[in-house]
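This is structure23.tsv (TSV, C-alpha atoms).
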```
chain	number	residue	atom	x	y	z
A	1	MET	CA	30.37	36.06	-2.13
A	2	ALA	CA	29.29	39.18	-0.25
A	3	PHE	CA	28.03	41.24	-3.16
A	4	THR	CA	26.01	38.55	-4.83
A	5	PHE	CA	24.83	37.43	-1.40
A	6	THR	CA	23.23	40.89	-1.05
A	7	LEU	CA	21.67	40.49	-4.48
A	8	TYR	CA	20.33	37.08	-3.48
A	9	MET	CA	18.89	38.56	-0.28
A	10	LEU	CA	17.19	41.33	-2.22
A	11	ASN	CA	15.90	38.60	-4.50
A	12	LEU	CA	17.45	40.33	-7.48
A	13	ILE	CA	19.31	37.20	-8.51
A	14	LYS	CA	18.39	33.69	-7.59
A	15	PRO	CA	21.40	31.34	-7.48
A	16	LYS	CA	19.30	28.75	-9.29
A	17	ASN	CA	19.02	31.13	-12.23
A	18	ILE	CA	22.79	31.14	-12.59
A	19	PHE	CA	23.64	28.15	-14.76
A	20	ILE	CA	27.14	26.71	-14.68
A	21	VAL	CA	27.87	24.87	-17.93
A	22	ILE	CA	30.66	22.33	-17.48
A	23	PRO	CA	31.82	20.62	-20.69
A	24	VAL	CA	33.56	17.33	-19.95
A	25	TYR	CA	35.32	14.73	-22.02
A	26	ASN	CA	36.85	11.77	-20.18
A	27	GLU	CA	37.05	13.73	-16.91
A	28	GLN	CA	35.82	10.86	-14.74
A	29	GLU	CA	38.81	11.30	-12.39
A	30	VAL	CA	37.87	14.82	-11.34
A	31	ILE	CA	34.29	15.57	-12.34
A	32	VAL	CA	32.76	14.60	-8.98
A	33	THR	CA	35.26	16.87	-7.19
A	34	VAL	CA	34.41	19.73	-9.57
A	35	VAL	CA	30.68	19.25	-8.95
A	36	ASN	CA	31.08	18.87	-5.17
A	37	ASN	CA	33.14	22.09	-5.02
A	38	LEU	CA	30.33	23.95	-6.80
A	39	LEU	CA	27.38	22.50	-4.86
A	40	PRO	CA	27.60	24.80	-1.78
A	41	TYR	CA	26.85	27.79	-4.00
A	42	ASN	CA	23.42	26.46	-5.04
A	43	TYR	CA	23.89	27.31	-8.68
A	44	SER	CA	22.20	25.21	-11.35
A	45	LEU	CA	24.84	22.86	-12.65
A	46	VAL	CA	24.78	21.56	-16.21
A	47	VAL	CA	27.35	18.87	-16.99
A	48	VAL	CA	27.68	18.30	-20.74
A	49	ASP	CA	29.37	14.97	-21.32
A	50	ASP	CA	30.89	15.26	-24.78
A	51	GLY	CA	30.77	11.56	-25.61
A	52	SER	CA	33.18	10.34	-22.92
A	53	GLU	CA	34.26	6.71	-23.12
A	54	ASN	CA	32.86	6.09	-19.63
A	55	ASN	CA	29.28	7.08	-18.99
A	56	LEU	CA	29.12	9.63	-16.16
A	57	GLU	CA	25.64	8.62	-15.04
A	58	LEU	CA	26.88	6.36	-12.27
A	59	LEU	CA	29.36	8.93	-10.99
A	60	LEU	CA	26.83	11.77	-10.91
A	61	HIS	CA	23.96	9.63	-9.67
A	62	ARG	CA	21.90	11.45	-6.99
A	63	LEU	CA	23.89	14.68	-7.36
A	64	PRO	CA	21.72	17.74	-8.11
A	65	VAL	CA	23.05	18.35	-11.60
A	66	PHE	CA	21.61	18.26	-15.09
A	67	LEU	CA	23.44	15.71	-17.19
A	68	LEU	CA	23.46	16.09	-20.96
A	69	ARG	CA	25.31	13.55	-23.05
A	70	HIS	CA	26.49	13.85	-26.64
A	71	ARG	CA	26.35	10.43	-28.25
A	72	VAL	CA	29.66	11.06	-29.95
A	73	ASN	CA	32.55	13.36	-29.18
A	74	LEU	CA	31.99	16.68	-30.97
A	75	GLY	CA	34.44	19.00	-29.23
A	76	GLN	CA	34.40	21.54	-26.41
A	77	GLY	CA	32.83	24.30	-28.49
A	78	ALA	CA	29.89	22.06	-29.41
A	79	ALA	CA	29.48	20.93	-25.78
A	80	LEU	CA	29.40	24.53	-24.56
A	81	GLN	CA	26.82	25.48	-27.18
A	82	THR	CA	24.61	22.55	-26.15
A	83	GLY	CA	24.88	23.58	-22.49
A	84	ILE	CA	24.18	27.25	-23.25
A	85	GLU	CA	21.10	26.40	-25.32
A	86	PHE	CA	19.84	24.12	-22.55
A	87	ALA	CA	20.42	26.79	-19.89
A	88	LEU	CA	18.59	29.42	-21.95
A	89	ALA	CA	15.66	27.04	-22.38
A	90	GLU	CA	15.61	26.69	-18.57
A	91	ASN	CA	15.35	30.49	-18.23
A	92	ALA	CA	18.90	31.14	-17.06
A	93	GLU	CA	19.67	34.76	-16.15
A	94	PHE	CA	23.43	34.26	-16.21
A	95	ILE	CA	25.44	31.49	-17.80
A	96	VAL	CA	28.89	30.56	-16.58
A	97	THR	CA	31.27	28.41	-18.62
A	98	PHE	CA	33.48	26.40	-16.29
A	99	ASP	CA	36.14	23.86	-17.30
A	100	GLY	CA	35.65	20.29	-16.13
A	101	ASP	CA	39.31	19.58	-15.33
A	102	ASN	CA	39.32	21.19	-11.86
A	103	GLN	CA	41.47	24.19	-12.87
A	104	HIS	CA	38.98	26.85	-11.88
A	105	ASP	CA	38.11	28.12	-8.43
A	106	PRO	CA	34.32	28.26	-7.82
A	107	LYS	CA	34.85	31.42	-5.72
A	108	ASP	CA	35.81	33.26	-8.90
A	109	ILE	CA	32.28	32.89	-10.30
A	110	ASP	CA	31.05	35.37	-7.71
A	111	LYS	CA	33.93	37.71	-8.55
A	112	LEU	CA	33.13	37.61	-12.26
A	113	LEU	CA	29.41	38.01	-11.64
A	114	THR	CA	29.96	40.99	-9.34
A	115	SER	CA	32.26	42.69	-11.87
A	116	LEU	CA	29.79	41.96	-14.67
A	117	ILE	CA	26.85	43.49	-12.81
A	118	ASP	CA	28.92	46.43	-11.54
A	119	SER	CA	30.20	47.33	-14.98
A	120	LYS	CA	26.90	46.58	-16.77
A	121	ALA	CA	28.87	44.48	-19.24
A	122	ASP	CA	27.48	41.55	-21.21
A	123	ILE	CA	30.37	39.14	-20.74
A	124	ALA	CA	33.02	38.78	-18.06
A	125	ILE	CA	36.07	36.78	-19.12
A	126	GLY	CA	38.54	35.31	-16.65
A	127	SER	CA	42.20	36.21	-17.01
A	128	ARG	CA	45.19	34.51	-15.46
A	129	PHE	CA	47.56	37.30	-16.46
A	130	MET	CA	45.91	40.36	-14.91
A	131	LYS	CA	47.12	41.86	-11.64
A	132	GLY	CA	45.53	39.90	-8.82
A	133	ALA	CA	45.28	36.64	-10.74
A	134	VAL	CA	46.84	33.53	-9.23
A	135	HIS	CA	48.30	30.73	-11.29
A	136	ASN	CA	51.13	28.26	-11.31
A	137	ILE	CA	51.46	28.18	-15.07
A	138	PRO	CA	54.48	26.47	-16.64
A	139	VAL	CA	56.67	28.69	-18.82
A	140	THR	CA	55.97	26.81	-22.07
A	141	ARG	CA	52.21	27.10	-21.51
A	142	LYS	CA	52.60	30.80	-20.78
A	143	LEU	CA	54.46	31.35	-24.07
A	144	LEU	CA	51.85	29.35	-25.96
A	145	LEU	CA	49.06	31.48	-24.48
A	146	GLN	CA	50.89	34.69	-25.38
A	147	LEU	CA	51.11	33.45	-28.96
A	148	ALA	CA	47.40	32.56	-28.85
A	149	ARG	CA	46.59	36.10	-27.61
A	150	TRP	CA	48.18	37.60	-30.72
A	151	LEU	CA	46.55	35.05	-32.99
A	152	ASN	CA	43.20	36.01	-31.45
A	153	TYR	CA	44.05	39.62	-32.17
A	154	PHE	CA	44.92	38.73	-35.77
A	155	PHE	CA	41.62	36.90	-36.29
A	156	THR	CA	39.27	39.09	-34.24
A	157	GLY	CA	40.86	42.49	-33.65
A	158	LEU	CA	40.49	42.08	-29.87
A	159	LEU	CA	43.62	41.85	-27.74
A	160	LEU	CA	42.89	40.38	-24.32
A	161	THR	CA	45.37	39.78	-21.51
A	162	ASP	CA	44.62	36.04	-21.65
A	163	ALA	CA	43.61	33.58	-24.36
A	164	HIS	CA	41.58	30.41	-24.04
A	165	ASN	CA	40.44	30.96	-20.47
A	166	GLY	CA	37.42	28.73	-19.98
A	167	LEU	CA	35.90	30.71	-17.10
A	168	ARG	CA	33.39	33.25	-18.38
A	169	VAL	CA	30.08	34.71	-17.24
A	170	LEU	CA	27.49	35.71	-19.84
A	171	THR	CA	24.19	37.47	-19.42
A	172	ALA	CA	21.25	35.65	-21.01
A	173	LYS	CA	21.12	38.38	-23.67
A	174	ALA	CA	24.78	37.86	-24.56
A	175	ALA	CA	24.37	34.07	-24.54
A	176	ARG	CA	21.64	34.37	-27.18
A	177	HIS	CA	24.14	36.13	-29.44
A	178	ILE	CA	26.89	33.60	-28.84
A	179	GLN	CA	26.30	30.77	-31.28
A	180	PHE	CA	29.44	28.69	-31.50
A	181	LYS	CA	30.00	27.24	-34.95
A	182	GLU	CA	33.49	26.13	-33.97
A	183	THR	CA	33.03	22.72	-32.41
A	184	GLY	CA	36.60	22.36	-31.15
A	185	MET	CA	38.90	24.58	-29.10
A	186	ALA	CA	38.78	27.35	-31.70
A	187	HIS	CA	35.53	28.48	-30.02
A	188	ALA	CA	37.72	30.46	-27.59
A	189	THR	CA	38.72	32.70	-30.50
A	190	GLU	CA	35.27	32.60	-32.09
A	191	ILE	CA	33.68	34.05	-28.93
A	192	LEU	CA	35.80	37.18	-29.42
A	193	SER	CA	34.61	37.50	-33.03
A	194	LEU	CA	31.02	37.14	-31.82
A	195	ILE	CA	31.57	39.75	-29.10
A	196	LYS	CA	32.86	42.17	-31.72
A	197	LYS	CA	30.24	41.33	-34.32
A	198	ASN	CA	27.34	41.72	-31.87
A	199	LYS	CA	28.87	44.79	-30.19
A	200	LEU	CA	28.73	43.13	-26.77
A	201	ARG	CA	30.43	44.81	-23.84
A	202	TYR	CA	33.09	42.69	-22.19
A	203	ILE	CA	35.39	42.95	-19.22
A	204	GLU	CA	38.31	40.87	-18.03
A	205	VAL	CA	38.57	39.79	-14.41
A	206	PRO	CA	41.61	38.22	-12.71
A	207	VAL	CA	40.98	34.61	-11.71
A	208	THR	CA	42.80	31.72	-10.09
A	209	ILE	CA	43.92	28.84	-12.26
A	210	THR	CA	45.42	25.79	-10.61
A	211	TYR	CA	47.54	23.60	-12.82
A	212	SER	CA	47.92	20.02	-11.75
A	213	ALA	CA	49.70	17.15	-13.48
A	214	TYR	CA	46.22	16.01	-14.53
A	215	SER	CA	45.10	19.30	-16.06
A	216	LEU	CA	48.43	19.78	-17.83
A	217	LYS	CA	48.09	16.35	-19.38
A	218	LYS	CA	44.59	17.24	-20.61
A	219	GLY	CA	45.36	20.80	-21.73
A	220	GLN	CA	46.51	22.32	-25.00
A	221	ASN	CA	49.88	21.57	-26.56
A	222	MET	CA	51.73	22.91	-29.58
A	223	GLY	CA	50.15	20.33	-31.93
A	224	ASN	CA	46.64	21.32	-30.83
A	225	SER	CA	47.52	24.98	-31.30
A	226	PHE	CA	48.39	24.41	-34.94
A	227	ARG	CA	45.11	22.58	-35.40
A	228	ILE	CA	43.21	25.48	-33.86
A	229	PHE	CA	45.05	27.88	-36.16
A	230	PHE	CA	44.13	25.91	-39.29
A	231	ASP	CA	40.55	25.44	-38.08
A	232	LEU	CA	40.24	29.21	-37.74
A	233	LEU	CA	41.85	29.86	-41.09
A	234	LEU	CA	39.72	27.37	-43.03
A	235	ASN	CA	36.57	28.31	-41.19
A	236	LYS	CA	37.13	31.95	-42.04
A	237	ILE	CA	36.95	30.91	-45.72
A	238	PHE	CA	33.90	28.68	-45.28
A	239	ARG	CA	31.95	30.82	-42.83
B	1	MET	CA	43.72	10.47	-83.61
B	2	ASN	CA	46.11	8.36	-81.58
B	3	GLY	CA	45.46	5.92	-78.71
B	4	ILE	CA	46.08	8.28	-75.77
B	5	GLN	CA	43.74	10.88	-77.28
B	6	ILE	CA	40.92	8.30	-77.48
B	7	ILE	CA	41.50	7.19	-73.85
B	8	LEU	CA	41.57	10.78	-72.54
B	9	LEU	CA	38.52	11.81	-74.57
B	10	CYS	CA	36.53	8.81	-73.31
B	11	GLY	CA	37.51	9.73	-69.72
B	12	VAL	CA	36.54	13.41	-70.06
B	13	VAL	CA	33.24	12.65	-71.84
B	14	SER	CA	32.28	9.99	-69.22
B	15	ILE	CA	33.01	12.36	-66.31
B	16	PHE	CA	31.14	15.16	-68.08
B	17	LEU	CA	28.07	12.98	-68.66
B	18	TYR	CA	28.14	11.65	-65.11
B	19	TYR	CA	28.17	15.18	-63.67
B	20	ILE	CA	25.52	16.43	-66.14
B	21	PHE	CA	23.13	13.88	-64.65
B	22	SER	CA	24.12	14.38	-61.01
B	23	LEU	CA	24.36	18.21	-61.07
B	24	ARG	CA	21.12	18.91	-62.90
B	25	ASN	CA	20.17	21.83	-60.64
B	26	ALA	CA	23.56	23.41	-60.02
B	27	PHE	CA	23.76	25.88	-62.90
B	28	PHE	CA	27.15	27.43	-62.19
B	29	ASP	CA	28.78	24.10	-61.43
B	30	LEU	CA	27.46	22.79	-64.75
B	31	LEU	CA	28.68	25.87	-66.59
B	32	PHE	CA	32.13	25.53	-65.06
B	33	LEU	CA	32.25	21.81	-65.80
B	34	SER	CA	31.13	22.31	-69.40
B	35	ALA	CA	33.83	24.93	-70.00
B	36	PHE	CA	36.44	22.78	-68.31
B	37	SER	CA	35.46	19.64	-70.28
B	38	GLY	CA	35.33	21.60	-73.55
B	39	LEU	CA	38.84	22.94	-72.95
B	40	ALA	CA	40.12	19.50	-71.97
B	41	MET	CA	38.73	17.98	-75.19
B	42	PHE	CA	40.19	20.80	-77.26
B	43	PHE	CA	43.67	20.35	-75.80
B	44	ILE	CA	43.49	16.59	-76.21
B	45	LEU	CA	42.64	16.98	-79.90
B	46	PHE	CA	45.02	19.90	-80.55
B	47	PRO	CA	47.86	19.54	-78.07
B	48	GLU	CA	50.11	21.96	-80.00
B	49	TYR	CA	47.91	24.86	-78.77
B	50	THR	CA	48.97	24.18	-75.16
B	51	ASN	CA	52.54	25.07	-76.19
B	52	ILE	CA	51.41	28.33	-77.78
B	53	ILE	CA	49.37	29.36	-74.72
B	54	ALA	CA	52.16	28.23	-72.37
B	55	LYS	CA	54.68	30.43	-74.15
B	56	LYS	CA	52.31	33.42	-74.00
B	57	LEU	CA	51.93	32.87	-70.23
B	58	GLY	CA	55.67	32.56	-69.73
B	59	VAL	CA	55.69	28.81	-69.10
B	60	GLY	CA	58.17	26.79	-71.19
B	61	ARG	CA	56.07	23.80	-72.28
B	62	GLY	CA	52.39	23.03	-72.69
B	63	ALA	CA	52.74	19.98	-70.43
B	64	ASP	CA	54.03	22.21	-67.61
B	65	LEU	CA	51.09	24.58	-68.08
B	66	LEU	CA	48.65	21.68	-67.78
B	67	PHE	CA	50.46	20.48	-64.65
B	68	TYR	CA	50.06	23.90	-63.00
B	69	ILE	CA	46.40	24.08	-63.98
B	70	CYS	CA	45.89	20.61	-62.52
B	71	ILE	CA	47.37	21.79	-59.19
B	72	LEU	CA	44.93	24.72	-59.13
B	73	PHE	CA	42.05	22.44	-60.04
B	74	PHE	CA	43.03	19.95	-57.34
B	75	LEU	CA	43.12	22.74	-54.74
B	76	PHE	CA	39.71	23.98	-55.90
B	77	ILE	CA	38.23	20.48	-55.54
B	78	THR	CA	39.83	20.05	-52.09
B	79	LEU	CA	38.30	23.31	-50.88
B	80	LYS	CA	34.89	22.40	-52.34
B	81	LEU	CA	35.05	19.05	-50.54
B	82	PHE	CA	36.12	20.71	-47.29
B	83	GLY	CA	33.11	23.02	-47.51
B	84	ARG	CA	30.81	20.08	-48.12
B	85	ILE	CA	32.28	18.07	-45.22
B	86	ARG	CA	31.90	21.07	-42.93
B	87	ARG	CA	28.23	21.45	-43.88
B	88	LEU	CA	27.71	17.75	-43.18
B	89	GLU	CA	29.49	18.06	-39.81
B	90	ASN	CA	27.24	20.97	-38.88
B	91	LYS	CA	24.18	18.86	-39.66
B	92	ILE	CA	25.51	16.02	-37.47
B	93	VAL	CA	26.24	18.47	-34.63
B	94	ASP	CA	22.70	19.89	-34.88
B	95	LEU	CA	21.17	16.42	-34.83
B	96	ILE	CA	23.20	15.25	-31.83
B	97	ARG	CA	22.54	18.50	-29.97
B	98	GLN	CA	18.81	18.19	-30.51
B	99	GLN	CA	18.82	14.61	-29.28
B	100	THR	CA	21.05	15.55	-26.29
B	101	LYS	CA	18.75	18.36	-25.16
B	102	GLU	CA	15.71	16.13	-25.43
B	103	SER	CA	17.31	13.45	-23.27
B	104	ALA	CA	18.73	15.81	-20.58
B	105	ARG	CA	18.33	14.39	-17.09
B	106	PHE	CA	18.30	15.89	-13.61
B	107	MET	CA	20.35	13.36	-11.69
B	108	ASP	CA	18.88	13.83	-8.21
B	109	GLU	CA	15.41	12.35	-8.65
B	110	SER	CA	14.38	13.37	-5.10
B	111	LYS	CA	14.90	17.07	-5.90
B	112	LYS	CA	13.42	16.97	-9.37
B	113	LYS	CA	12.56	20.43	-10.66
```

Before we go any further, please render this structure as structure tokens.
Amino acid sequence: MAFTFTLYMLNLIKPKNIFIVIPVYNEQEVIVTVVNNLLPYNYSLVVVDDGSENNLELLLHRLPVFLLRHRVNLGQGAALQTGIEFALAENAEFIVTFDGDNQHDPKDIDKLLTSLIDSKADIAIGSRFMKGAVHNIPVTRKLLLQLARWLNYFFTGLLLTDAHNGLRVLTAKAARHIQFKETGMAHATEILSLIKKNKLRYIEVPVTITYSAYSLKKGQNMGNSFRIFFDLLLNKIFR
Amino acid sequence: MNGIQIILLCGVVSIFLYYIFSLRNAFFDLLFLSAFSGLAMFFILFPEYTNIIAKKLGVGRGADLLFYICILFFLFITLKLFGRIRRLENKIVDLIRQQTKESARFMDESKKK
């Protein structure tokens, strides 16, 4: 917090101009916890409800968050794009994508932001496999993510230490270049293609990911991975 | 002309006419469809030519050649349909996104921006 605190004091960055976009789909069990954990940082919070079965209005009532609701479920990529466009329209300086299943640590936002500003990069991407990262990842999930890393490399030419990490910080300039066409989970690969295509500078930063029984139940499995693979393949043809 | 030839010809001509009227502005689609329908009618009327072409292409029988062409044609149609569905999906996403952004709400009324 120290570095960005200095920036806040110098009025170089206002926390309210840092928009946290949280895509959620049926996360009613944890969304209030996620929001409450983020509130002390005074960021602008944008919850994008991707057509959940239960309306989140009652749960988020009187909390200082923007609530956007897709009428039907479109997918995480579409929810992120909606949140990013909204944040840009609200004059965001930095946009953070933050998963709604309580896996991420809000403290890491400051870490990513500091690294982004320090390195003058356009995008900082969280990694659970870099030195300094903390995670309690199950072995099968780890193998799946390693496979996803190489698939990302096959489709985009960029080999990162992690794949499908939902915690990222984008400058407003970078966010304008990131236009997700992939509505589902394949957006995590698409962002790499867009980084390459738009010659954006990116860095990876070690982050903490906490797996719980809840987040594991909601996360990716082998079946989803095949779907992502075919989405990417077909969408490459019909770009 | 035998019975099956009449049935197949009626089918091909009906499909051709239907698409002529629905694809009036799609020049290349019409061109492709005209060529395809013309070939279909030719092979229905002169089936012995399928055997000749099949042998030249290294396929045993004309019926097998038609079967392989049908597979290719089916794949082509599937891909065309996938492309169309994807374009439709994109339109739906754009519509819902527009509506979502317009109805965005700040939940704490007391601290309204």

* To do: Can you pull out every residue within 10 Å of range 117-124 of chain A, counting all atoms listed in the file, but drop anything in the same chain fewer than 2 positions away, and send it as a PyMOL selection string?
  => chain A and resi 3-4+94-96+109+111-115+126-127+167-175+195+199-205

Return as CSV the residues of chain B lying at most 9 Å from chain A, together with the closest atom-to-atom pair for each and the distance in Å to one decimal, counting all atoms listed in the file, with rows in chain order and ascending residue number.
```
residue,atom,partner,partner_atom,distance
B:Leu79,CA,A:Phe238,CA,8.9
B:Phe82,CA,A:Phe238,CA,8.5
B:Gly83,CA,A:Phe238,CA,6.1
B:Arg86,CA,A:Phe238,CA,8.2
B:Asn90,CA,A:Lys181,CA,7.9
B:Val93,CA,A:Leu74,CA,7.0
B:Ile96,CA,A:His70,CA,6.3
B:Arg97,CA,A:Thr82,CA,5.9
B:Gln98,CA,A:Thr82,CA,8.5
B:Gln99,CA,A:His70,CA,8.1
B:Thr100,CA,A:His70,CA,5.7
B:Lys101,CA,A:Phe86,CA,6.4
B:Glu102,CA,A:Leu68,CA,8.9
B:Ser103,CA,A:Leu68,CA,7.1
B:Ala104,CA,A:Leu68,CA,4.8
B:Arg105,CA,A:Leu67,CA,5.3
B:Phe106,CA,A:Phe66,CA,4.3
B:Met107,CA,A:Arg62,CA,5.3
B:Asp108,CA,A:Arg62,CA,4.0
B:Glu109,CA,A:Arg62,CA,6.8
B:Ser110,CA,A:Arg62,CA,8.0
B:Lys111,CA,A:Pro64,CA,7.2
B:Lys112,CA,A:Pro64,CA,8.4
```

* Test item: residues at most 12 Å from Leu192 in chain A, all atoms listed in the file, excluding those fewer than 2 positions along its chain, as an NGL selection string -> :A and (123-125 or 149 or 151-160 or 162-165 or 168 or 177-180 or 186-190 or 194-203)

* Atom-to-atom span, CA of Phe28 in chain B and CA of Leu45 in chain B, Å ->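 Here the two named atoms are 25.7 Å from each other.
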
* Residue among B:Leu9, B:Leu88, B:Ala54, B:Leu33 lying closest to Ile69 in chain B, counting all atoms listed in the file -> B:Ala54
